[in-house]
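Asker: Quick one: this structure, given as structure tokens, is what I'll be asking you about.
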Amino acid sequence: MKLVSDALRLGRFLLSAPFKAVHWASFKVANDVIEWHPLELMAKGSKYALLILNQPIQFTTDTAVMIWNRASIRATVDGGTNIWFKFSEGIENDIGLSNPIPDLVTGDFDSAETRCLKYYQAHGAKVIHTPDQDETDFSKCIRELSTELVARELKVNAVIAVCENTGRLDHILSNLNTLQKARDILGSAPLYLLTHSSISWVLHTGRHRIHVDDRAMDQHCGLIPLGQPAYVTSSGLKWDMDCLKLEFGGLISTSNKFTDQTTVTLETDRPILFTMTLPPWK
Ligand SMILES: Nc1ncnc2c1ncn2[C@@H]1O[C@H](COP(=O)(O)OP(=O)(O)OP(=O)(O)O)[C@@H](O)[C@H]1O
Ligand SMILES: Cc1ncc(C[n+]2csc(CCO)c2C)c(N)n1
């Protein structure tokens, strides 16, 4: 009953209270709205950290180069080191990479090839062995990244992990777990999981406004409770929710859609995963 009354209260609040904007990359203070600009994340001038995880790169070469070049700091994660090495090997000068060497190379190195590790170490990458077998190399990498950002006094607006959601469901689910844990590790820089066709991140308890544009019209999206039910109220989606309980075993919001509205407002009483398909890269 308490959950229901909390949700109703939150829902009424969403509909009635004026939105007070805070910087999109910052995190909630009660009554504030977190602003998200998922289509602008890698725009020129945006400051983000990039992680390459262990899945084949499915972007076009031009898009992958653009994402790499615009990053303020880059890390490859265990087997992701081989992926990046092979992607860039021999063509780094032809495809316009500004610097093909990652800043950080992390992992337990059960997947990274020695020749890749040696090459990157010899060319200035910081190679950090993270042997702990109670956490994935992805989670451990964002801990190392966080330390490195502090050491460099570098502030980023986002951390973007490139990884296709294919192959191993345990890896895919643990990546979602890392998205949920990330705020405790990274503080104010949100962690996004980017595939060639989608982007996903966690909306923590509170109020959110997602800004898109015409390109998002009719793109699919999903709102998935993480670990516990969530009561969600939304506006701007094809299937809007009004204090609707989302839970596994009941209803989760998949195959939802953006409409012609370029702003989606959401309120949730528990963390949810927000995932959306991306319009074609230009
Ligand atoms: N099939 C996959 N689907 C989604 N993510 C993956 C997949 N394979 C690897 N990853 C991501 O890439 C990261 C690095 O992968 P890698 O296999 O090199 O590391 P790992 O953590 O040692 O995994 P494991 O020891 O279980 O194979 C993982 O931590 C995970 O986040
Ligand atoms: C209960 C429990 N289940 C699985 C693992 C194994 N594990 C989890 S993350 C990780 C690292 C992958 O590189 C490994 C081996 C564990 N430690 N504890």
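By convention here, the chains of the structure tokens are called A, B, ... in the order presented, each chain's residues are numbered starting at 1, and ligands are numbered starting at 1 in the order presented.
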Where in stretch 37-108 of chain A does DSSP assign helix (DSSP H, G or I), given as number ranges by chain?

Answerer: A: 38-40, 61-70, 79-88

Asker: Produce as a ChimeraX atom specification the set of residues near ligand 1, where near means within 7 Å with only C-alpha atoms and all ligand atoms considered.

Answerer: /A:53-55,77-80,107-112,136-139,163-169,171-172,174-175

Asker: Which one of A:Pro225, A:Pro131, A:Pro56, A:Pro102 sits closest to ligand 2 if you count only C-alpha atoms and all ligand atoms?

Answerer: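 Using only C-alpha atoms and all ligand atoms, ligand 2 sits closest to A:Pro131.
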
Asker: Using only C-alpha atoms and all ligand atoms, which of A:Ser72, A:Asn93, A:Thr63, A:Gln133 sits nearest ligand 2?

Answerer: A:Gln133

Asker: What is the distance, in Å and to one decimal place, between atom CA of A:Tyr120 and atom CA of A:Pro190?

Answerer: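 Computing the Euclidean distance for atom CA of A:Tyr120 and atom CA of A:Pro190 yields 27.2 Å.
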
Asker: Show me, as a PyMOL selection string, the residues that have an atom within 12 Å of A:His37 when counting only C-alpha atoms, minus same-chain residues fewer than 3 positions from it.

Answerer: chain A and resi 23-25+34+40-43+46+157-158+190+192+199+201+208-213+216+262-264

Asker: May I have all residues of stretch 188-231 of chain A that DSSP, computed from the backbone, assigns to strand (DSSP E), given as a PyMOL selection string?

Answerer: chain A and resi 191-194+198-203+206-211+220-225+230-231

Asker: So, with only C-alpha atoms and all ligand atoms as the atoms that count, which of A:Lys44, A:Lys86, A:Arg74, A:Lys140 lies closest to ligand 2?

Answerer: A:Lys140

Asker: Expressed in Å to a single decimal, how great is the separation between atom CA of A:Thr259 and atom CA of A:Cys221?

Answerer: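 Rounded to one decimal, the two atoms are 10.7 Å apart.
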
Asker: Extract, using only C-alpha atoms, all DNA, RNA and protein residues at most 9 Å from stretch 238-242 of chain A, discarding same-chain residues fewer than 4 positions from it, and format them as a PDB file with all heavy atoms, in the first residue's frame.

Answerer:
```pdb
ATOM      1  N   LEU A   8       1.529   7.333  -6.211  1.00  0.00           N
ATOM      2  CA  LEU A   8       0.480   8.299  -6.546  1.00  0.00           C
ATOM      3  C   LEU A   8       0.954   9.719  -6.228  1.00  0.00           C
ATOM      4  O   LEU A   8       0.745  10.645  -6.999  1.00  0.00           O
ATOM      5  CB  LEU A   8      -0.797   7.979  -5.749  1.00  0.00           C
ATOM      6  CG  LEU A   8      -1.557   6.751  -6.267  1.00  0.00           C
ATOM      7  CD1 LEU A   8      -2.665   6.371  -5.294  1.00  0.00           C
ATOM      8  CD2 LEU A   8      -2.132   7.024  -7.654  1.00  0.00           C
ATOM      9  N   GLY A  11       3.354  10.740  -8.832  1.00  0.00           N
ATOM     10  CA  GLY A  11       2.666  10.995 -10.094  1.00  0.00           C
ATOM     11  C   GLY A  11       1.986  12.345 -10.090  1.00  0.00           C
ATOM     12  O   GLY A  11       2.086  13.119 -11.040  1.00  0.00           O
ATOM     13  N   ASP A 218       9.124   7.689 -33.589  1.00  0.00           N
ATOM     14  CA  ASP A 218       8.851   6.272 -33.877  1.00  0.00           C
ATOM     15  C   ASP A 218      10.005   5.326 -33.528  1.00  0.00           C
ATOM     16  O   ASP A 218       9.913   4.130 -33.788  1.00  0.00           O
ATOM     17  CB  ASP A 218       8.456   6.056 -35.347  1.00  0.00           C
ATOM     18  CG  ASP A 218       7.040   6.544 -35.603  1.00  0.00           C
ATOM     19  OD1 ASP A 218       6.252   6.597 -34.632  1.00  0.00           O
ATOM     20  OD2 ASP A 218       6.735   6.890 -36.749  1.00  0.00           O
ATOM     21  N   TYR A 231       7.300   2.158  -9.864  1.00  0.00           N
ATOM     22  CA  TYR A 231       6.094   2.864 -10.304  1.00  0.00           C
ATOM     23  C   TYR A 231       6.528   4.034 -11.168  1.00  0.00           C
ATOM     24  O   TYR A 231       7.336   4.869 -10.726  1.00  0.00           O
ATOM     25  CB  TYR A 231       5.291   3.360  -9.104  1.00  0.00           C
ATOM     26  CG  TYR A 231       4.529   2.255  -8.426  1.00  0.00           C
ATOM     27  CD1 TYR A 231       5.138   1.477  -7.442  1.00  0.00           C
ATOM     28  CD2 TYR A 231       3.217   1.966  -8.792  1.00  0.00           C
ATOM     29  CE1 TYR A 231       4.447   0.445  -6.828  1.00  0.00           C
ATOM     30  CE2 TYR A 231       2.525   0.933  -8.180  1.00  0.00           C
ATOM     31  CZ  TYR A 231       3.142   0.179  -7.202  1.00  0.00           C
ATOM     32  OH  TYR A 231       2.450  -0.841  -6.610  1.00  0.00           O
ATOM     33  N   VAL A 232       5.999   4.077 -12.376  1.00  0.00           N
ATOM     34  CA  VAL A 232       6.477   5.056 -13.346  1.00  0.00           C
ATOM     35  C   VAL A 232       5.322   5.873 -13.905  1.00  0.00           C
ATOM     36  O   VAL A 232       4.246   5.334 -14.209  1.00  0.00           O
ATOM     37  CB  VAL A 232       7.231   4.345 -14.505  1.00  0.00           C
ATOM     38  CG1 VAL A 232       7.621   5.336 -15.584  1.00  0.00           C
ATOM     39  CG2 VAL A 232       8.462   3.623 -13.969  1.00  0.00           C
ATOM     40  N   THR A 233       5.570   7.170 -14.023  1.00  0.00           N
ATOM     41  CA  THR A 233       4.630   8.084 -14.694  1.00  0.00           C
ATOM     42  C   THR A 233       5.394   8.747 -15.829  1.00  0.00           C
ATOM     43  O   THR A 233       6.558   9.120 -15.654  1.00  0.00           O
ATOM     44  CB  THR A 233       4.114   9.142 -13.700  1.00  0.00           C
ATOM     45  OG1 THR A 233       3.406   8.473 -12.657  1.00  0.00           O
ATOM     46  CG2 THR A 233       3.185  10.132 -14.383  1.00  0.00           C
ATOM     47  N   SER A 234       4.756   8.847 -16.995  1.00  0.00           N
ATOM     48  CA  SER A 234       5.481   9.410 -18.144  1.00  0.00           C
ATOM     49  C   SER A 234       4.577  10.305 -18.967  1.00  0.00           C
ATOM     50  O   SER A 234       3.344  10.234 -18.874  1.00  0.00           O
ATOM     51  CB  SER A 234       6.008   8.278 -19.038  1.00  0.00           C
ATOM     52  OG  SER A 234       4.927   7.651 -19.706  1.00  0.00           O
ATOM     53  N   SER A 253       7.929  -2.305 -19.552  1.00  0.00           N
ATOM     54  CA  SER A 253       7.596  -1.513 -20.739  1.00  0.00           C
ATOM     55  C   SER A 253       8.632  -1.747 -21.829  1.00  0.00           C
ATOM     56  O   SER A 253       9.670  -1.098 -21.874  1.00  0.00           O
ATOM     57  CB  SER A 253       7.525  -0.026 -20.371  1.00  0.00           C
ATOM     58  OG  SER A 253       7.251   0.734 -21.536  1.00  0.00           O
ATOM     59  N   ASN A 256       7.999   0.088 -26.413  1.00  0.00           N
ATOM     60  CA  ASN A 256       7.345   1.391 -26.353  1.00  0.00           C
ATOM     61  C   ASN A 256       7.943   2.252 -27.467  1.00  0.00           C
ATOM     62  O   ASN A 256       8.908   1.837 -28.121  1.00  0.00           O
ATOM     63  CB  ASN A 256       7.560   2.025 -24.967  1.00  0.00           C
ATOM     64  CG  ASN A 256       6.400   2.929 -24.580  1.00  0.00           C
ATOM     65  OD1 ASN A 256       5.805   3.583 -25.449  1.00  0.00           O
ATOM     66  ND2 ASN A 256       6.080   2.986 -23.307  1.00  0.00           N
ATOM     67  N   LYS A 257       7.414   3.448 -27.684  1.00  0.00           N
ATOM     68  CA  LYS A 257       7.900   4.266 -28.803  1.00  0.00           C
ATOM     69  C   LYS A 257       7.907   5.745 -28.462  1.00  0.00           C
ATOM     70  O   LYS A 257       7.044   6.212 -27.709  1.00  0.00           O
ATOM     71  CB  LYS A 257       6.992   4.074 -30.025  1.00  0.00           C
ATOM     72  CG  LYS A 257       7.351   2.885 -30.879  1.00  0.00           C
ATOM     73  CD  LYS A 257       6.554   2.899 -32.170  1.00  0.00           C
ATOM     74  CE  LYS A 257       7.141   1.918 -33.163  1.00  0.00           C
ATOM     75  NZ  LYS A 257       6.452   1.992 -34.443  1.00  0.00           N
ATOM     76  N   PHE A 258       8.857   6.460 -29.057  1.00  0.00           N
ATOM     77  CA  PHE A 258       8.788   7.914 -29.043  1.00  0.00           C
ATOM     78  C   PHE A 258       7.689   8.344 -30.015  1.00  0.00           C
ATOM     79  O   PHE A 258       7.332   7.597 -30.939  1.00  0.00           O
ATOM     80  CB  PHE A 258      10.123   8.519 -29.479  1.00  0.00           C
ATOM     81  CG  PHE A 258      11.205   8.408 -28.439  1.00  0.00           C
ATOM     82  CD1 PHE A 258      12.076   7.329 -28.426  1.00  0.00           C
ATOM     83  CD2 PHE A 258      11.353   9.388 -27.467  1.00  0.00           C
ATOM     84  CE1 PHE A 258      13.080   7.224 -27.461  1.00  0.00           C
ATOM     85  CE2 PHE A 258      12.344   9.287 -26.492  1.00  0.00           C
ATOM     86  CZ  PHE A 258      13.205   8.203 -26.497  1.00  0.00           C
ATOM     87  N   THR A 259       7.174   9.530 -29.797  1.00  0.00           N
ATOM     88  CA  THR A 259       6.132  10.060 -30.684  1.00  0.00           C
ATOM     89  C   THR A 259       6.704  11.297 -31.385  1.00  0.00           C
ATOM     90  O   THR A 259       7.916  11.442 -31.474  1.00  0.00           O
ATOM     91  CB  THR A 259       4.903  10.462 -29.850  1.00  0.00           C
ATOM     92  OG1 THR A 259       5.308  11.499 -28.946  1.00  0.00           O
ATOM     93  CG2 THR A 259       4.359   9.282 -29.070  1.00  0.00           C
ATOM     94  N   LEU A 266       9.572  11.758 -17.264  1.00  0.00           N
ATOM     95  CA  LEU A 266       9.418  10.486 -16.557  1.00  0.00           C
ATOM     96  C   LEU A 266       9.621  10.704 -15.073  1.00  0.00           C
ATOM     97  O   LEU A 266      10.452  11.526 -14.679  1.00  0.00           O
ATOM     98  CB  LEU A 266      10.500   9.503 -17.022  1.00  0.00           C
ATOM     99  CG  LEU A 266      10.317   8.922 -18.409  1.00  0.00           C
ATOM    100  CD1 LEU A 266      11.616   8.373 -18.912  1.00  0.00           C
ATOM    101  CD2 LEU A 266       9.261   7.838 -18.365  1.00  0.00           C
TER     102      LEU A 266
END
```

Asker: Would you kindly return, as a PyMOL selection string, each protein, DNA or RNA residue with an atom no farther than 12 Å from any atom of A:Gln228, considering only C-alpha atoms and excluding same-chain residues fewer than 6 positions away?

Answerer: chain A and resi 3+245-250+252+268-273

Asker: Could the residues in this selection be saved with N, CA, C and O atoms as an mmCIF file, in the first residue's frame?

Answerer:
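New file again01.cif:
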```cif
data_model
loop_
_atom_site.group_PDB
_atom_site.id
_atom_site.type_symbol
_atom_site.label_atom_id
_atom_site.label_comp_id
_atom_site.auth_asym_id
_atom_site.auth_seq_id
_atom_site.Cartn_x
_atom_site.Cartn_y
_atom_site.Cartn_z
ATOM 1 N N LEU A 3 3.830 1.641 -1.215
ATOM 2 C CA LEU A 3 4.390 1.884 -2.547
ATOM 3 C C LEU A 3 3.381 2.596 -3.437
ATOM 4 O O LEU A 3 3.693 3.528 -4.156
ATOM 5 N N LYS A 245 2.800 0.212 -12.311
ATOM 6 C CA LYS A 245 3.797 -0.669 -11.690
ATOM 7 C C LYS A 245 4.485 -1.485 -12.779
ATOM 8 O O LYS A 245 3.820 -2.247 -13.507
ATOM 9 N N LEU A 246 5.789 -1.324 -12.879
ATOM 10 C CA LEU A 246 6.564 -2.146 -13.809
ATOM 11 C C LEU A 246 7.300 -3.192 -12.985
ATOM 12 O O LEU A 246 7.988 -2.855 -12.019
ATOM 13 N N GLU A 247 7.150 -4.444 -13.352
ATOM 14 C CA GLU A 247 7.861 -5.501 -12.610
ATOM 15 C C GLU A 247 8.010 -6.749 -13.475
ATOM 16 O O GLU A 247 7.139 -7.060 -14.294
ATOM 17 N N PHE A 248 9.115 -7.440 -13.258
ATOM 18 C CA PHE A 248 9.274 -8.740 -13.890
ATOM 19 C C PHE A 248 8.263 -9.700 -13.264
ATOM 20 O O PHE A 248 8.038 -9.662 -12.057
ATOM 21 N N GLY A 249 7.667 -10.513 -14.106
ATOM 22 C CA GLY A 249 6.568 -11.361 -13.632
ATOM 23 C C GLY A 249 5.235 -10.681 -13.865
ATOM 24 O O GLY A 249 4.179 -11.311 -13.803
ATOM 25 N N GLY A 250 5.288 -9.392 -14.141
ATOM 26 C CA GLY A 250 4.086 -8.632 -14.476
ATOM 27 C C GLY A 250 4.358 -7.887 -15.765
ATOM 28 O O GLY A 250 4.766 -8.487 -16.759
ATOM 29 N N ILE A 252 6.533 -5.140 -17.947
ATOM 30 C CA ILE A 252 7.675 -4.236 -18.120
ATOM 31 C C ILE A 252 7.433 -3.523 -19.448
ATOM 32 O O ILE A 252 6.784 -4.067 -20.337
ATOM 33 N N THR A 268 10.068 8.131 -11.616
ATOM 34 C CA THR A 268 10.127 6.748 -11.140
ATOM 35 C C THR A 268 10.476 6.727 -9.656
ATOM 36 O O THR A 268 11.254 7.561 -9.200
ATOM 37 N N ASP A 269 9.895 5.763 -8.949
ATOM 38 C CA ASP A 269 10.205 5.681 -7.511
ATOM 39 C C ASP A 269 11.346 4.713 -7.231
ATOM 40 O O ASP A 269 11.759 4.567 -6.088
ATOM 41 N N ARG A 270 11.818 4.026 -8.263
ATOM 42 C CA ARG A 270 12.965 3.106 -8.127
ATOM 43 C C ARG A 270 13.790 3.190 -9.412
ATOM 44 O O ARG A 270 13.263 3.608 -10.452
ATOM 45 N N PRO A 271 15.054 2.763 -9.386
ATOM 46 C CA PRO A 271 15.856 2.843 -10.618
ATOM 47 C C PRO A 271 15.259 1.999 -11.739
ATOM 48 O O PRO A 271 14.796 0.882 -11.505
ATOM 49 N N ILE A 272 15.272 2.559 -12.931
ATOM 50 C CA ILE A 272 14.850 1.792 -14.110
ATOM 51 C C ILE A 272 15.900 1.950 -15.203
ATOM 52 O O ILE A 272 16.609 2.963 -15.266
ATOM 53 N N LEU A 273 15.971 0.941 -16.051
ATOM 54 C CA LEU A 273 16.808 1.046 -17.235
ATOM 55 C C LEU A 273 16.004 1.740 -18.320
ATOM 56 O O LEU A 273 14.846 1.361 -18.571
#
```

Asker: Mind pulling up the distance from atom CA of A:Val202 to atom CA of A:Leu179?

Answerer: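 One can read the atom CA of A:Leu179 to atom CA of A:Val202 distance as 6.3 Å.
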
Asker: Can you tell me which residues surround A:Trp68 at a distance of at most 10 Å, considering only C-alpha atoms, apart from same-chain residues fewer than 3 positions away, and format the answer as a list of chain:residue names?

Answerer: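 Those residues are A:Met42, A:Ala49, A:Leu50, A:Leu51, A:Ile52, A:Asp62, A:Thr63, A:Ala64, A:Val65, A:Ala71, A:Ser72, A:Ile73, A:Arg74, A:Leu97, A:Ser98, A:Asn99, A:Pro100, A:Pro102.
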
Asker: Store the residues picked out above, limited to N, CA, C and O atoms, as a PDB file, in the first residue's frame.

Answerer:
```pdb
ATOM      1  N   MET A  42      27.591  12.539 -28.201  1.00  0.00           N
ATOM      2  CA  MET A  42      28.888  12.518 -28.872  1.00  0.00           C
ATOM      3  C   MET A  42      29.027  13.662 -29.865  1.00  0.00           C
ATOM      4  O   MET A  42      29.857  13.616 -30.761  1.00  0.00           O
ATOM      5  N   ALA A  49      34.161  10.101 -21.579  1.00  0.00           N
ATOM      6  CA  ALA A  49      35.150   9.024 -21.540  1.00  0.00           C
ATOM      7  C   ALA A  49      34.592   7.859 -22.339  1.00  0.00           C
ATOM      8  O   ALA A  49      33.379   7.618 -22.329  1.00  0.00           O
ATOM      9  N   LEU A  50      35.464   7.144 -23.027  1.00  0.00           N
ATOM     10  CA  LEU A  50      35.027   6.030 -23.875  1.00  0.00           C
ATOM     11  C   LEU A  50      35.661   4.727 -23.397  1.00  0.00           C
ATOM     12  O   LEU A  50      36.862   4.680 -23.116  1.00  0.00           O
ATOM     13  N   LEU A  51      34.832   3.692 -23.307  1.00  0.00           N
ATOM     14  CA  LEU A  51      35.331   2.353 -22.967  1.00  0.00           C
ATOM     15  C   LEU A  51      35.010   1.424 -24.126  1.00  0.00           C
ATOM     16  O   LEU A  51      33.882   1.446 -24.636  1.00  0.00           O
ATOM     17  N   ILE A  52      35.963   0.604 -24.497  1.00  0.00           N
ATOM     18  CA  ILE A  52      35.692  -0.418 -25.515  1.00  0.00           C
ATOM     19  C   ILE A  52      35.646  -1.774 -24.803  1.00  0.00           C
ATOM     20  O   ILE A  52      36.655  -2.232 -24.253  1.00  0.00           O
ATOM     21  N   ASP A  62      33.831   5.008 -40.142  1.00  0.00           N
ATOM     22  CA  ASP A  62      33.761   6.468 -39.921  1.00  0.00           C
ATOM     23  C   ASP A  62      33.145   6.793 -38.565  1.00  0.00           C
ATOM     24  O   ASP A  62      33.622   7.668 -37.845  1.00  0.00           O
ATOM     25  N   THR A  63      32.067   6.086 -38.209  1.00  0.00           N
ATOM     26  CA  THR A  63      31.396   6.364 -36.939  1.00  0.00           C
ATOM     27  C   THR A  63      32.291   5.971 -35.768  1.00  0.00           C
ATOM     28  O   THR A  63      32.429   6.717 -34.796  1.00  0.00           O
ATOM     29  N   ALA A  64      32.917   4.800 -35.868  1.00  0.00           N
ATOM     30  CA  ALA A  64      33.809   4.360 -34.780  1.00  0.00           C
ATOM     31  C   ALA A  64      34.952   5.356 -34.591  1.00  0.00           C
ATOM     32  O   ALA A  64      35.299   5.708 -33.455  1.00  0.00           O
ATOM     33  N   VAL A  65      35.507   5.839 -35.681  1.00  0.00           N
ATOM     34  CA  VAL A  65      36.614   6.804 -35.602  1.00  0.00           C
ATOM     35  C   VAL A  65      36.127   8.101 -34.965  1.00  0.00           C
ATOM     36  O   VAL A  65      36.800   8.677 -34.101  1.00  0.00           O
ATOM     37  N   ALA A  71      36.432  11.475 -27.929  1.00  0.00           N
ATOM     38  CA  ALA A  71      36.505  11.159 -26.495  1.00  0.00           C
ATOM     39  C   ALA A  71      37.644  11.921 -25.836  1.00  0.00           C
ATOM     40  O   ALA A  71      38.700  12.132 -26.438  1.00  0.00           O
ATOM     41  N   SER A  72      37.435  12.314 -24.575  1.00  0.00           N
ATOM     42  CA  SER A  72      38.476  13.022 -23.821  1.00  0.00           C
ATOM     43  C   SER A  72      39.467  12.046 -23.210  1.00  0.00           C
ATOM     44  O   SER A  72      40.601  12.407 -22.895  1.00  0.00           O
ATOM     45  N   ILE A  73      39.030  10.823 -22.962  1.00  0.00           N
ATOM     46  CA  ILE A  73      39.896   9.790 -22.398  1.00  0.00           C
ATOM     47  C   ILE A  73      39.333   8.442 -22.849  1.00  0.00           C
ATOM     48  O   ILE A  73      38.115   8.289 -22.967  1.00  0.00           O
ATOM     49  N   ARG A  74      40.217   7.474 -23.136  1.00  0.00           N
ATOM     50  CA  ARG A  74      39.766   6.209 -23.730  1.00  0.00           C
ATOM     51  C   ARG A  74      40.358   5.032 -22.979  1.00  0.00           C
ATOM     52  O   ARG A  74      41.533   5.077 -22.594  1.00  0.00           O
ATOM     53  N   LEU A  97      42.389   8.455 -37.361  1.00  0.00           N
ATOM     54  CA  LEU A  97      42.407   8.386 -35.893  1.00  0.00           C
ATOM     55  C   LEU A  97      43.382   9.424 -35.371  1.00  0.00           C
ATOM     56  O   LEU A  97      44.531   9.482 -35.822  1.00  0.00           O
ATOM     57  N   SER A  98      42.939  10.213 -34.383  1.00  0.00           N
ATOM     58  CA  SER A  98      43.851  11.235 -33.872  1.00  0.00           C
ATOM     59  C   SER A  98      44.966  10.584 -33.051  1.00  0.00           C
ATOM     60  O   SER A  98      46.106  11.012 -33.095  1.00  0.00           O
ATOM     61  N   ASN A  99      44.631   9.539 -32.299  1.00  0.00           N
ATOM     62  CA  ASN A  99      45.636   8.803 -31.536  1.00  0.00           C
ATOM     63  C   ASN A  99      45.058   7.424 -31.230  1.00  0.00           C
ATOM     64  O   ASN A  99      44.125   7.315 -30.438  1.00  0.00           O
ATOM     65  N   PRO A 100      45.586   6.383 -31.838  1.00  0.00           N
ATOM     66  CA  PRO A 100      44.961   5.063 -31.671  1.00  0.00           C
ATOM     67  C   PRO A 100      45.278   4.379 -30.349  1.00  0.00           C
ATOM     68  O   PRO A 100      44.721   3.320 -30.057  1.00  0.00           O
ATOM     69  N   PRO A 102      44.998   3.668 -26.504  1.00  0.00           N
ATOM     70  CA  PRO A 102      44.118   3.988 -25.368  1.00  0.00           C
ATOM     71  C   PRO A 102      44.908   4.595 -24.214  1.00  0.00           C
ATOM     72  O   PRO A 102      46.097   4.328 -24.066  1.00  0.00           O
TER      73      PRO A 102
END
```

Asker: Using only C-alpha atoms, which residues sit within 10 Å of stretch 147-152 of chain A once same-chain residues fewer than 3 positions away are excluded, as a list in words?

Answerer: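 Contacts, in chain order: Ala49, Ile73, Asp103, Leu104, Lys126, Cys141, Ile142, Arg143, Glu144, Lys155, Val156, Ile185 and Leu186 of chain A.
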
Asker: Could the residues in this selection be saved with N, CA, C and O atoms as a compact mmCIF listing (two decimals), in the first residue's frame?

Answerer:
```
# COMPACT_ATOMS: atom_id res chain seq x y z
N ALA A 49 34.16 10.10 -21.58
CA ALA A 49 35.15 9.02 -21.54
C ALA A 49 34.59 7.86 -22.34
O ALA A 49 33.38 7.62 -22.33
N ILE A 73 39.03 10.82 -22.96
CA ILE A 73 39.90 9.79 -22.40
C ILE A 73 39.33 8.44 -22.85
O ILE A 73 38.12 8.29 -22.97
N ASP A 103 44.23 5.41 -23.41
CA ASP A 103 44.89 5.95 -22.21
C ASP A 103 45.03 4.86 -21.16
O ASP A 103 46.04 4.80 -20.47
N LEU A 104 43.98 4.05 -21.03
CA LEU A 104 43.98 2.97 -20.03
C LEU A 104 43.68 1.65 -20.72
O LEU A 104 42.84 1.59 -21.61
N LYS A 126 48.44 3.32 -20.03
CA LYS A 126 48.59 2.84 -18.65
C LYS A 126 47.89 1.48 -18.59
O LYS A 126 46.66 1.41 -18.78
N CYS A 141 36.88 -1.59 -14.55
CA CYS A 141 37.42 -0.52 -15.40
C CYS A 141 36.85 0.84 -15.01
O CYS A 141 37.59 1.83 -14.98
N ILE A 142 35.56 0.89 -14.70
CA ILE A 142 35.04 2.23 -14.36
C ILE A 142 35.60 2.71 -13.01
O ILE A 142 35.73 3.90 -12.79
N ARG A 143 35.98 1.77 -12.13
CA ARG A 143 36.68 2.19 -10.89
C ARG A 143 38.03 2.81 -11.25
O ARG A 143 38.40 3.87 -10.74
N GLU A 144 38.77 2.14 -12.14
CA GLU A 144 40.10 2.66 -12.53
C GLU A 144 39.95 3.99 -13.26
O GLU A 144 40.73 4.92 -13.08
N LYS A 155 37.15 16.44 -15.93
CA LYS A 155 35.71 16.24 -15.69
C LYS A 155 35.06 15.87 -17.01
O LYS A 155 35.28 16.54 -18.02
N VAL A 156 34.27 14.81 -17.00
CA VAL A 156 33.54 14.44 -18.21
C VAL A 156 32.04 14.49 -17.90
O VAL A 156 31.64 14.33 -16.76
N ILE A 185 30.15 4.71 -8.19
CA ILE A 185 31.57 4.69 -8.54
C ILE A 185 31.98 6.00 -9.21
O ILE A 185 33.02 6.58 -8.91
N LEU A 186 31.13 6.46 -10.14
CA LEU A 186 31.53 7.59 -10.98
C LEU A 186 31.00 8.94 -10.49
O LEU A 186 31.43 9.98 -10.98
```
